[in-house]
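Below is query23.tsv, holding TSV, C-alpha atoms.
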chain	number	residue	atom	x	y	z
A	1	ALA	CA	87.71	25.37	67.23
A	2	ARG	CA	88.48	27.46	70.30
A	3	VAL	CA	85.35	29.23	71.48
A	4	GLU	CA	84.41	31.67	74.23
A	5	ARG	CA	87.85	33.29	74.09
A	6	GLY	CA	88.43	36.54	72.23
A	7	ILE	CA	91.83	37.42	70.77
A	8	LEU	CA	93.13	40.65	72.30
A	9	VAL	CA	95.78	42.18	70.05
A	10	ALA	CA	97.72	45.06	71.60
A	11	GLY	CA	100.61	45.64	69.21
A	12	PRO	CA	103.70	43.96	67.78
A	13	ASN	CA	104.12	40.22	68.41
A	14	SER	CA	100.74	39.82	70.10
A	15	GLY	CA	98.92	38.19	67.18
A	16	LEU	CA	98.67	34.54	66.26
A	17	ARG	CA	100.63	32.53	63.71
A	18	LEU	CA	98.95	29.41	62.33
A	19	PRO	CA	100.72	26.70	60.34
A	20	PRO	CA	100.10	26.29	56.61
A	21	ALA	CA	96.72	24.85	55.76
A	22	ALA	CA	94.55	24.29	52.73
A	23	GLY	CA	94.01	27.43	50.68
A	24	VAL	CA	91.77	29.97	52.39
A	25	ARG	CA	88.68	30.84	50.34
A	26	ALA	CA	86.56	32.51	53.03
A	27	ALA	CA	86.91	34.03	56.49
A	28	ALA	CA	84.65	35.51	59.15
A	29	LEU	CA	85.17	37.23	62.49
A	30	TRP	CA	83.83	39.70	64.99
A	31	VAL	CA	86.04	42.78	65.34
A	32	ARG	CA	86.29	45.75	67.68
A	33	SER	CA	88.96	48.23	66.61
A	34	ASP	CA	90.59	50.56	69.11
A	35	PRO	CA	92.36	53.31	67.11
A	36	ALA	CA	90.90	54.66	63.87
A	37	ARG	CA	93.84	53.75	61.65
A	38	SER	CA	94.31	51.35	58.83
A	39	MET	CA	95.13	47.91	60.16
A	40	VAL	CA	95.46	44.32	59.03
A	41	TRP	CA	93.52	41.71	61.01
A	42	LEU	CA	94.14	38.62	58.91
A	43	ASP	CA	96.82	37.64	56.40
A	44	GLY	CA	96.38	34.23	54.80
A	45	GLY	CA	97.96	34.79	51.40
A	46	SER	CA	101.20	35.65	49.70
A	47	GLN	CA	102.87	38.66	48.06
A	48	ALA	CA	102.14	37.37	44.56
A	49	HIS	CA	99.85	39.61	42.51
A	50	LEU	CA	96.17	38.61	42.97
A	51	ARG	CA	97.13	35.78	45.36
A	52	GLY	CA	96.86	37.66	48.62
A	53	PHE	CA	94.20	37.18	51.28
A	54	LEU	CA	94.29	40.26	53.52
A	55	LEU	CA	91.44	41.53	55.66
A	56	GLY	CA	91.49	44.79	57.59
A	57	SER	CA	90.18	48.31	58.13
A	58	PHE	CA	91.03	51.71	56.69
A	59	GLY	CA	90.63	55.21	58.09
A	60	PRO	CA	91.12	58.86	57.17
A	61	GLY	CA	94.40	60.71	57.09
A	62	PRO	CA	97.93	59.82	55.95
A	63	GLY	CA	98.10	56.74	58.17
A	64	GLY	CA	94.83	55.29	57.00
A	65	ARG	CA	95.45	54.13	53.46
A	66	PRO	CA	98.16	52.84	51.14
A	67	LEU	CA	100.78	55.13	49.66
A	68	TYR	CA	100.46	53.86	46.11
A	69	GLY	CA	97.10	55.27	45.03
A	70	PRO	CA	93.93	57.08	46.12
A	71	TRP	CA	91.43	55.18	48.25
A	72	PRO	CA	88.00	56.57	49.15
A	73	GLU	CA	87.73	58.98	52.08
A	74	GLY	CA	86.21	58.02	55.42
A	75	ARG	CA	86.47	54.70	57.20
A	76	GLY	CA	85.65	51.16	56.22
A	77	PHE	CA	86.78	47.57	55.80
A	78	TRP	CA	88.83	46.09	52.99
A	79	PHE	CA	89.83	42.76	51.50
A	80	GLY	CA	93.10	42.62	49.57
A	81	LEU	CA	94.29	40.20	46.91
A	82	TRP	CA	97.68	41.94	46.83
A	83	GLN	CA	97.71	45.16	44.80
A	84	VAL	CA	93.96	44.88	44.16
A	85	GLU	CA	91.57	45.63	47.03
A	86	CYS	CA	87.82	45.52	47.56
A	87	LEU	CA	86.53	48.14	50.02
A	88	VAL	CA	83.23	48.89	51.77
A	89	PRO	CA	82.42	51.95	53.91
A	90	LEU	CA	81.58	51.98	57.61
A	91	ASP	CA	81.97	55.26	59.48
A	92	ASP	CA	81.20	54.03	63.03
A	93	GLN	CA	83.72	51.18	63.17
A	94	ARG	CA	85.47	52.56	66.28
A	95	GLY	CA	82.53	51.91	68.58
A	96	PRO	CA	80.64	48.63	68.74
A	97	TRP	CA	81.54	45.18	67.58
A	98	HIS	CA	81.03	44.43	63.89
A	99	HIS	CA	80.87	41.14	62.07
A	100	VAL	CA	82.93	40.94	58.88
A	101	ALA	CA	82.96	38.05	56.41
A	102	VAL	CA	84.66	37.64	53.05
A	103	SER	CA	84.35	34.97	50.38
A	104	CYS	CA	86.43	34.59	47.22
A	105	ASP	CA	84.76	32.45	44.55
A	106	GLY	CA	86.94	32.56	41.47
A	107	ASP	CA	86.93	36.16	40.28
A	108	ARG	CA	83.91	37.09	42.44
A	109	VAL	CA	84.47	38.58	45.90
A	110	ARG	CA	81.79	39.26	48.52
A	111	LEU	CA	82.53	41.36	51.61
A	112	ALA	CA	79.76	41.39	54.22
A	113	VAL	CA	79.48	43.73	57.22
A	114	ASP	CA	76.96	42.72	59.88
A	115	GLY	CA	75.29	40.41	57.37
A	116	MET	CA	74.86	43.10	54.70
A	117	PHE	CA	76.62	43.60	51.36
A	118	PRO	CA	77.08	47.35	50.84
A	119	SER	CA	78.28	48.80	47.58
A	120	GLY	CA	81.92	49.84	47.66
A	121	TRP	CA	85.02	50.24	45.55
A	122	ILE	CA	87.71	48.27	43.77
A	123	ALA	CA	91.19	49.78	44.02
A	124	ASN	CA	94.00	48.79	41.66
A	125	GLY	CA	97.30	49.66	43.28
A	126	PRO	CA	99.72	49.39	40.35
A	127	SER	CA	97.58	51.67	38.17
A	128	ARG	CA	97.57	54.45	40.81
A	129	SER	CA	94.12	55.36	39.53
A	130	PRO	CA	91.15	56.32	41.74
A	131	ALA	CA	89.12	53.50	43.25
A	132	ILE	CA	86.14	52.47	41.11
A	133	ARG	CA	82.63	52.30	42.57
A	134	SER	CA	81.15	48.82	42.43
A	135	GLU	CA	78.18	46.81	43.57
A	136	GLN	CA	78.66	43.34	45.05
A	137	PRO	CA	79.86	40.82	44.19
A	138	PHE	CA	83.08	42.59	43.26
A	139	GLN	CA	84.53	41.34	39.99
A	140	VAL	CA	88.30	40.73	40.16
A	141	PRO	CA	89.45	38.97	36.96
A	142	GLY	CA	92.50	36.78	37.43
A	143	ALA	CA	92.09	36.33	41.20
A	144	ILE	CA	93.71	33.11	42.40
A	145	PRO	CA	93.11	32.28	46.09
A	146	PRO	CA	96.36	31.39	47.87
A	147	ALA	CA	97.46	27.80	48.29
A	148	GLY	CA	97.99	28.31	52.03
A	149	GLY	CA	101.64	27.28	52.04
A	150	ASP	CA	102.78	30.52	53.68
A	151	GLY	CA	100.72	29.97	56.81
A	152	ILE	CA	98.12	32.31	58.32
A	153	GLN	CA	98.68	35.38	60.48
A	154	ILE	CA	95.92	36.75	62.73
A	155	GLY	CA	96.33	40.24	64.13
A	156	PHE	CA	99.17	41.50	61.94
A	157	HIS	CA	100.59	41.69	58.44
A	158	ARG	CA	103.16	38.97	57.73
A	159	HIS	CA	105.32	41.42	55.77
A	160	GLY	CA	105.39	44.15	58.42
A	161	HIS	CA	105.39	47.61	56.90
A	162	PRO	CA	106.02	47.32	53.17
A	163	ASP	CA	106.84	50.50	51.27
A	164	TRP	CA	103.31	50.82	49.88
A	165	TRP	CA	101.61	50.89	53.29
A	166	ALA	CA	101.18	53.97	55.48
A	167	GLY	CA	99.12	52.45	58.28
A	168	ASP	CA	99.73	50.05	61.12
A	169	GLY	CA	100.86	46.56	60.18
A	170	GLU	CA	99.61	45.29	63.54
A	171	PHE	CA	95.95	45.35	64.52
A	172	GLN	CA	95.06	46.89	67.89
A	173	GLY	CA	91.75	45.75	69.28
A	174	THR	CA	89.84	42.52	69.89
A	175	LEU	CA	88.86	39.72	67.52
A	176	ASP	CA	86.37	36.95	68.26
A	177	GLU	CA	84.79	34.00	66.47
A	178	VAL	CA	87.57	33.83	63.86
A	179	ALA	CA	86.70	31.15	61.29
A	180	LEU	CA	88.41	30.13	58.04
A	181	TRP	CA	87.12	27.97	55.19
A	182	ASP	CA	88.85	26.23	52.30
A	183	ARG	CA	85.77	26.83	50.13
A	184	PRO	CA	83.72	29.87	49.15
A	185	LEU	CA	80.66	30.71	51.26
A	186	SER	CA	77.28	31.38	49.72
A	187	ARG	CA	75.56	34.72	50.25
A	188	GLU	CA	73.04	32.97	52.50
A	189	GLU	CA	75.78	31.47	54.68
A	190	MET	CA	77.44	34.86	55.08
A	191	GLU	CA	74.13	36.49	56.02
A	192	ALA	CA	73.47	33.82	58.65
A	193	LEU	CA	76.80	34.06	60.52
A	194	PRO	CA	76.11	37.19	62.62
A	195	THR	CA	72.66	35.89	63.60
A	196	TYR	CA	74.25	33.26	65.84
A	197	ALA	CA	75.25	35.95	68.35
A	198	ALA	CA	71.69	37.32	68.44
A	199	ARG	CA	70.58	33.85	69.59
A	200	GLY	CA	73.39	33.59	72.14
A	201	GLU	CA	75.11	30.92	70.05
A	202	SER	CA	78.55	30.47	68.49
A	203	TYR	CA	79.09	29.57	64.86
A	204	CYS	CA	82.58	28.35	65.72
A	205	ARG	CA	81.03	25.90	68.17
A	206	ALA	CA	78.46	24.83	65.56
A	207	ILE	CA	81.22	24.24	63.01
A	208	GLY	CA	83.19	22.17	65.52
A	209	GLU	CA	80.18	20.05	66.42
A	210	ALA	CA	79.43	19.45	62.74
A	211	LEU	CA	83.01	18.33	62.11
A	212	ARG	CA	82.93	15.93	65.08
A	213	ALA	CA	79.53	14.45	64.22
A	214	PRO	CA	79.52	10.81	63.02
A	215	ARG	CA	79.36	10.46	59.26
Show this structure as structure tokens.
Amino acid sequence: ARVERGILVAGPNSGLRLPPAAGVRAAALWVRSDPARSMVWLDGGSQAHLRGFLLGSFGPGPGGRPLYGPWPEGRGFWFGLWQVECLVPLDDQRGPWHHVAVSCDGDRVRLAVDGMFPSGWIANGPSRSPAIRSEQPFQVPGAIPPAGGDGIQIGFHRHGHPDWWAGDGEFQGTLDEVALWDRPLSREEMEALPTYAARGESYCRAIGEALRAPR
């Protein structure tokens, strides 16, 4: 793990491309967004229906949400499984840093913001129907986490600007403490991740030390 270095993403071609790895089941990061538009921070999946693994933010206006169907108003964070998205609100995302974590455990999805699990919505793109209010965990029948063979993109959408997307494919802002897991995280693990910063510690460093420890 690389620690003590944030990832500054300032537009096209400034993100990171990682080689294929084991299927991503969970991810966590600190994020500070610059503009209030819809953006993709992490893309670890594929374009197959319910096999995506997209993490990003959404905002108001024509550039802040997909073209294919109505999303809720305001701002927030979203996790996409390709054509089905789980969304949670957060109106002050432009200002301070926020910690975002997602875990996909079969057909159950949890999306945590600063260690909390707010109620949100499930949006089904192909149906073009309004997003449905939902408590967490979000229930997404048929979800199949990606195998990881397409690689992982950090800071931009691997497919650029597909026809269904009105926002920015490339994130503009700063990411820190980006971590990926090939297993789901428990609710308790997700709640604990942002507390490392309050203690002046790094969970990426702790993960690295655990992996290097003698077994």
Using all atoms listed in the file, can you list as a PyMOL selection string the residues within 10 Å of (96.0, 39.1, 36.1)?
chain A and resi 49-51+140-144
Enter the distance from CA of Ala123 in chain A to CA of Ala48 in chain A, in Å, rounded to one decimal.
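According to the coordinates, CA of Ala123 in chain A and CA of Ala48 in chain A are separated by 16.6 Å.
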Which residue, A:Gln83, A:Asn124, A:Gln139, A:Gln153, has the smallest gap to Leu42 in chain A when you use only C-alpha atoms?
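Checking each candidate against Leu42 in chain A, we get A:Gln153 as the closest.
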Kindly extract all protein, DNA and RNA residues lying within 8 Å of the coordinates (88.0, 49.4, 56.2) given in the file, considering all atoms listed in the file, and supply them as JSON, numbers by chain.
{"A": [38, 56, 57, 58, 59, 75, 76, 77, 78, 87, 88, 89, 90]}
Would you list the contacts of Tyr196 in chain A as a list in words, taking every protein, DNA or RNA residue within 12 Å and counting only C-alpha atoms, but skipping same-chain residues closer than 5 positions in sequence?
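Result of the neighbour search: Trp30, His99, Asp114, Gly115, Glu177, Glu189, Met190, Glu191, Glu201, Ser202, Tyr203, Cys204, Arg205, Ala206 and Ile207 of chain A.
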Please, what distance in Å, to one decimal, runs between CA of Leu193 in chain A and CA of Ala26 in chain A?
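A separation of 12.4 Å between them.
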I need the residue nearest Cys104 in chain A from this list: A:Arg183, A:Arg212, A:His157, A:Arg32. Use only C-alpha atoms for the distance.
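Smallest distance to Cys104 in chain A is found for A:Arg183.
Proximity of A:Pro184, A:Gly80, A:Gly52, A:Pro118 to Asp105 in chain A, computed with all atoms listed in the file, is greatest for A:Pro184.
Taking CA of Trp97 in chain A as the reference point, CA of Ala27 in chain A is found at 16.6 Å.
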